[in-house]
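In what follows, a structure is listed as structure tokens, so that the remarks can point back to it.
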Amino acid sequence: MPAIPKFIVLSEQLRGKMFELTQDEITIGRSDDRTICLKDPTVSTLHCTVKRDGDKLILADAGSTNGTKVNGAPLTGDHELQHGDTVQVGAFQLLYDSEDKTMTMSIQKTQTGIDINAASTTQTIKAMSNSGFTERKQNSGLFNKLILLIVILLALIFLMLLAFFVKNIMDGHTEASYSPAQYAPVTRMA
């Protein structure tokens, strides 16, 4: 029984979600009416398509704003998907999986003498998701938190200085408050 080809999301958002590629034409984009809907501003309304050509699945960018990448390289024309390809659609990194795991495992065991049944697909997904795009996204999250902390500290310092100046101005006005005797006309006696 042949495996059902699918995309597995590697990125933090929707990590592990699988999309089976069973239709003859699959549309990927931000719009709800797409076969695969990826709600993110980095994904175009219609970002890319996957079309069946016999036993092959062909990926093509649909004129997306941010482009589509395959294995880190920008997609400039049609690309026949191969097992293990990583496809970048906006902020999402997708792993193309098309192999029958039981068949692949038995072939690899006999060829290498190593039992790979002990290795899990989850470990492969985690290893791949820790590369490139996801790492930068996690680092930028830490950077954003640091910037937010600095802005909050600067705002507190500004408020403390403002309070200090307002207090000094108010104290100065109470000491130099108007007294009618102070400005009464002086009459001189000759």
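In the structure tokens, each chain is lettered A, B, ... as it comes, each chain's residues begin at 1, and ligands are numbered from 1 in order of appearance.
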
Surrounding residues of A:Asp78 excluding itself and chain neighbours under 3 positions, 9 Å, only C-alpha atoms, as a VMD selection string: chain A and resid 58 to 61 75

For those residues, write N, CA, C and O atoms to a file as a PDB file, in the first residue's frame.
ATOM      1  N   ILE A  58       3.742  18.383  -8.346  1.00  0.00           N
ATOM      2  CA  ILE A  58       4.512  19.525  -8.826  1.00  0.00           C
ATOM      3  C   ILE A  58       4.121  20.762  -8.025  1.00  0.00           C
ATOM      4  O   ILE A  58       2.944  21.149  -7.986  1.00  0.00           O
ATOM      5  N   LEU A  59       5.108  21.408  -7.394  1.00  0.00           N
ATOM      6  CA  LEU A  59       4.910  22.625  -6.604  1.00  0.00           C
ATOM      7  C   LEU A  59       5.225  23.828  -7.475  1.00  0.00           C
ATOM      8  O   LEU A  59       6.230  23.840  -8.198  1.00  0.00           O
ATOM      9  N   ALA A  60       4.382  24.864  -7.402  1.00  0.00           N
ATOM     10  CA  ALA A  60       4.619  26.102  -8.146  1.00  0.00           C
ATOM     11  C   ALA A  60       4.178  27.288  -7.301  1.00  0.00           C
ATOM     12  O   ALA A  60       3.132  27.239  -6.641  1.00  0.00           O
ATOM     13  N   ASP A  61       4.989  28.335  -7.299  1.00  0.00           N
ATOM     14  CA  ASP A  61       4.615  29.577  -6.621  1.00  0.00           C
ATOM     15  C   ASP A  61       3.506  30.232  -7.440  1.00  0.00           C
ATOM     16  O   ASP A  61       3.500  30.158  -8.668  1.00  0.00           O
ATOM     17  N   LEU A  75      11.967  29.369  -5.125  1.00  0.00           N
ATOM     18  CA  LEU A  75      11.321  28.593  -6.179  1.00  0.00           C
ATOM     19  C   LEU A  75      11.069  29.525  -7.354  1.00  0.00           C
ATOM     20  O   LEU A  75      10.345  30.505  -7.220  1.00  0.00           O
TER      21      LEU A  75
END

Residue neighbourhood A:Asp53, 12 Å, only C-alpha atoms, exclusion window fewer than 2 positions, as a list in words: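 Everything that qualifies: Gln23, Asp24, Glu25, Val50, Lys51, Asp55, Lys56, Leu57, Ile58, Leu59, Asp78, His79, Glu80 and Leu81 of chain A.
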
What parts of stretch 51-81 of chain A does DSSP call strand (DSSP E or B)? I'd like the answer as a list of chain:residue names.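 Across stretch 51-81 of chain A, those assigned strand (DSSP E or B) are A:Lys51, A:Arg52, A:Asp53, A:Lys56, A:Leu57, A:Ile58, A:Leu59, A:Ala60, A:Asp61, A:Thr68, A:Lys69, A:Val70, A:Ala73, A:Pro74, A:His79, A:Glu80.
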
Resulting file, chosen residues, N, CA and C atoms, as an mmCIF file, in the first residue's frame:
data_model
loop_
_atom_site.group_PDB
_atom_site.id
_atom_site.type_symbol
_atom_site.label_atom_id
_atom_site.label_comp_id
_atom_site.auth_asym_id
_atom_site.auth_seq_id
_atom_site.Cartn_x
_atom_site.Cartn_y
_atom_site.Cartn_z
ATOM 1 N N LYS A 51 0.181 20.417 -7.906
ATOM 2 C CA LYS A 51 -0.657 19.725 -8.892
ATOM 3 C C LYS A 51 -0.113 18.324 -9.128
ATOM 4 N N ARG A 52 -1.053 17.391 -9.281
ATOM 5 C CA ARG A 52 -0.691 16.004 -9.545
ATOM 6 C C ARG A 52 -0.436 15.845 -11.039
ATOM 7 N N ASP A 53 0.689 15.202 -11.375
ATOM 8 C CA ASP A 53 1.031 14.878 -12.761
ATOM 9 C C ASP A 53 1.422 13.400 -12.773
ATOM 10 N N LYS A 56 3.591 12.037 -9.828
ATOM 11 C CA LYS A 56 4.400 13.152 -9.332
ATOM 12 C C LYS A 56 3.511 14.262 -8.782
ATOM 13 N N LEU A 57 4.053 15.004 -7.815
ATOM 14 C CA LEU A 57 3.397 16.205 -7.323
ATOM 15 C C LEU A 57 4.313 17.386 -7.659
ATOM 16 N N ILE A 58 3.742 18.383 -8.346
ATOM 17 C CA ILE A 58 4.512 19.525 -8.826
ATOM 18 C C ILE A 58 4.121 20.762 -8.025
ATOM 19 N N LEU A 59 5.108 21.408 -7.394
ATOM 20 C CA LEU A 59 4.910 22.625 -6.604
ATOM 21 C C LEU A 59 5.225 23.828 -7.475
ATOM 22 N N ALA A 60 4.382 24.864 -7.402
ATOM 23 C CA ALA A 60 4.619 26.102 -8.146
ATOM 24 C C ALA A 60 4.178 27.288 -7.301
ATOM 25 N N ASP A 61 4.989 28.335 -7.299
ATOM 26 C CA ASP A 61 4.615 29.577 -6.621
ATOM 27 C C ASP A 61 3.506 30.232 -7.440
ATOM 28 N N THR A 68 8.150 31.494 -2.469
ATOM 29 C CA THR A 68 8.158 30.147 -1.896
ATOM 30 C C THR A 68 9.577 29.621 -2.020
ATOM 31 N N LYS A 69 10.059 28.926 -0.999
ATOM 32 C CA LYS A 69 11.408 28.348 -1.040
ATOM 33 C C LYS A 69 11.307 26.838 -0.902
ATOM 34 N N VAL A 70 12.207 26.140 -1.602
ATOM 35 C CA VAL A 70 12.318 24.690 -1.472
ATOM 36 C C VAL A 70 13.746 24.387 -1.054
ATOM 37 N N ALA A 73 16.141 27.355 -1.089
ATOM 38 C CA ALA A 73 16.364 28.107 -2.339
ATOM 39 C C ALA A 73 15.027 28.636 -2.871
ATOM 40 N N PRO A 74 15.016 29.884 -3.358
ATOM 41 C CA PRO A 74 13.775 30.434 -3.921
ATOM 42 C C PRO A 74 13.267 29.585 -5.081
ATOM 43 N N HIS A 79 8.523 22.681 -9.470
ATOM 44 C CA HIS A 79 9.446 21.803 -8.742
ATOM 45 C C HIS A 79 8.718 20.497 -8.429
ATOM 46 N N GLU A 80 9.313 19.383 -8.860
ATOM 47 C CA GLU A 80 8.758 18.079 -8.513
ATOM 48 C C GLU A 80 9.159 17.764 -7.079
#

Which parts of stretch 3-113 of chain A does DSSP call helix (DSSP H, G or I) when run on the backbone here, written out as a list in words? Lys101, Thr102, Met103, Thr104, Met105, Ser106, Ile107, Gln108, Lys109, Thr110, Gln111 and Thr112 of chain A

Would you write out those residues with all heavy atoms, as an mmCIF file, in the first residue's frame?
data_model
loop_
_atom_site.group_PDB
_atom_site.id
_atom_site.type_symbol
_atom_site.label_atom_id
_atom_site.label_comp_id
_atom_site.auth_asym_id
_atom_site.auth_seq_id
_atom_site.Cartn_x
_atom_site.Cartn_y
_atom_site.Cartn_z
ATOM 1 N N LYS A 101 6.486 4.367 5.582
ATOM 2 C CA LYS A 101 7.484 4.180 6.654
ATOM 3 C C LYS A 101 7.837 2.716 6.876
ATOM 4 O O LYS A 101 8.990 2.383 7.074
ATOM 5 C CB LYS A 101 6.980 4.787 7.964
ATOM 6 C CG LYS A 101 6.732 6.267 7.894
ATOM 7 C CD LYS A 101 8.024 7.016 7.723
ATOM 8 C CE LYS A 101 7.776 8.499 7.757
ATOM 9 N NZ LYS A 101 8.202 9.219 6.621
ATOM 10 N N THR A 102 6.867 1.807 6.837
ATOM 11 C CA THR A 102 7.170 0.393 7.105
ATOM 12 C C THR A 102 8.071 -0.170 6.015
ATOM 13 O O THR A 102 9.017 -0.889 6.292
ATOM 14 C CB THR A 102 5.877 -0.436 7.203
ATOM 15 O OG1 THR A 102 5.120 -0.262 6.002
ATOM 16 C CG2 THR A 102 5.046 -0.004 8.393
ATOM 17 N N MET A 103 7.801 0.195 4.760
ATOM 18 C CA MET A 103 8.608 -0.298 3.653
ATOM 19 C C MET A 103 10.014 0.302 3.709
ATOM 20 O O MET A 103 11.003 -0.405 3.575
ATOM 21 C CB MET A 103 7.928 0.071 2.335
ATOM 22 C CG MET A 103 8.603 -0.490 1.127
ATOM 23 S SD MET A 103 7.594 -0.008 -0.275
ATOM 24 C CE MET A 103 8.283 -1.034 -1.504
ATOM 25 N N THR A 104 10.107 1.595 3.961
ATOM 26 C CA THR A 104 11.399 2.276 4.040
ATOM 27 C C THR A 104 12.237 1.712 5.176
ATOM 28 O O THR A 104 13.423 1.472 5.018
ATOM 29 C CB THR A 104 11.199 3.785 4.252
ATOM 30 O OG1 THR A 104 10.368 4.273 3.202
ATOM 31 C CG2 THR A 104 12.508 4.533 4.246
ATOM 32 N N MET A 105 11.602 1.487 6.323
ATOM 33 C CA MET A 105 12.342 0.985 7.479
ATOM 34 C C MET A 105 12.900 -0.411 7.220
ATOM 35 O O MET A 105 14.028 -0.695 7.569
ATOM 36 C CB MET A 105 11.445 0.992 8.715
ATOM 37 C CG MET A 105 11.192 2.365 9.255
ATOM 38 S SD MET A 105 10.139 2.248 10.697
ATOM 39 C CE MET A 105 9.746 3.957 10.947
ATOM 40 N N SER A 106 12.128 -1.281 6.601
ATOM 41 C CA SER A 106 12.628 -2.639 6.369
ATOM 42 C C SER A 106 13.745 -2.631 5.333
ATOM 43 O O SER A 106 14.712 -3.369 5.462
ATOM 44 C CB SER A 106 11.489 -3.561 5.952
ATOM 45 O OG SER A 106 10.927 -3.122 4.735
ATOM 46 N N ILE A 107 13.645 -1.790 4.307
ATOM 47 C CA ILE A 107 14.712 -1.685 3.300
ATOM 48 C C ILE A 107 15.977 -1.154 3.944
ATOM 49 O O ILE A 107 17.063 -1.709 3.768
ATOM 50 C CB ILE A 107 14.278 -0.782 2.131
ATOM 51 C CG1 ILE A 107 13.194 -1.472 1.313
ATOM 52 C CG2 ILE A 107 15.461 -0.420 1.246
ATOM 53 C CD1 ILE A 107 12.524 -0.572 0.284
ATOM 54 N N GLN A 108 15.855 -0.090 4.743
ATOM 55 C CA GLN A 108 17.040 0.497 5.369
ATOM 56 C C GLN A 108 17.670 -0.464 6.373
ATOM 57 O O GLN A 108 18.874 -0.518 6.499
ATOM 58 C CB GLN A 108 16.679 1.824 6.050
ATOM 59 C CG GLN A 108 16.412 2.929 5.046
ATOM 60 C CD GLN A 108 16.032 4.238 5.719
ATOM 61 O OE1 GLN A 108 15.694 4.274 6.895
ATOM 62 N NE2 GLN A 108 16.092 5.303 4.953
ATOM 63 N N LYS A 109 16.849 -1.245 7.065
ATOM 64 C CA LYS A 109 17.400 -2.190 8.035
ATOM 65 C C LYS A 109 18.216 -3.256 7.323
ATOM 66 O O LYS A 109 19.309 -3.593 7.761
ATOM 67 C CB LYS A 109 16.272 -2.830 8.847
ATOM 68 C CG LYS A 109 16.784 -3.780 9.908
ATOM 69 C CD LYS A 109 15.667 -4.350 10.733
ATOM 70 C CE LYS A 109 16.224 -5.323 11.763
ATOM 71 N NZ LYS A 109 15.167 -5.929 12.552
ATOM 72 N N THR A 110 17.703 -3.773 6.216
ATOM 73 C CA THR A 110 18.447 -4.821 5.525
ATOM 74 C C THR A 110 19.691 -4.269 4.849
ATOM 75 O O THR A 110 20.701 -4.945 4.782
ATOM 76 C CB THR A 110 17.560 -5.520 4.472
ATOM 77 O OG1 THR A 110 17.027 -4.547 3.600
ATOM 78 C CG2 THR A 110 16.457 -6.314 5.111
ATOM 79 N N GLN A 111 19.652 -3.033 4.370
ATOM 80 C CA GLN A 111 20.817 -2.471 3.691
ATOM 81 C C GLN A 111 21.909 -2.051 4.671
ATOM 82 O O GLN A 111 23.079 -2.147 4.373
ATOM 83 C CB GLN A 111 20.414 -1.260 2.841
ATOM 84 C CG GLN A 111 19.618 -1.649 1.609
ATOM 85 C CD GLN A 111 19.170 -0.426 0.815
ATOM 86 O OE1 GLN A 111 19.256 0.702 1.272
ATOM 87 N NE2 GLN A 111 18.691 -0.661 -0.385
ATOM 88 N N THR A 112 21.517 -1.561 5.833
ATOM 89 C CA THR A 112 22.512 -1.033 6.761
ATOM 90 C C THR A 112 22.780 -1.940 7.947
ATOM 91 O O THR A 112 23.794 -1.797 8.614
ATOM 92 C CB THR A 112 22.054 0.332 7.314
ATOM 93 O OG1 THR A 112 20.841 0.142 8.044
ATOM 94 C CG2 THR A 112 21.849 1.343 6.208
#

For A:Gln82, the nearest of the candidates A:Ile26, A:Leu95, A:Leu161, A:Leu14, counting only C-alpha atoms: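 With only C-alpha atoms as the atom set, the closest residue is A:Leu95.
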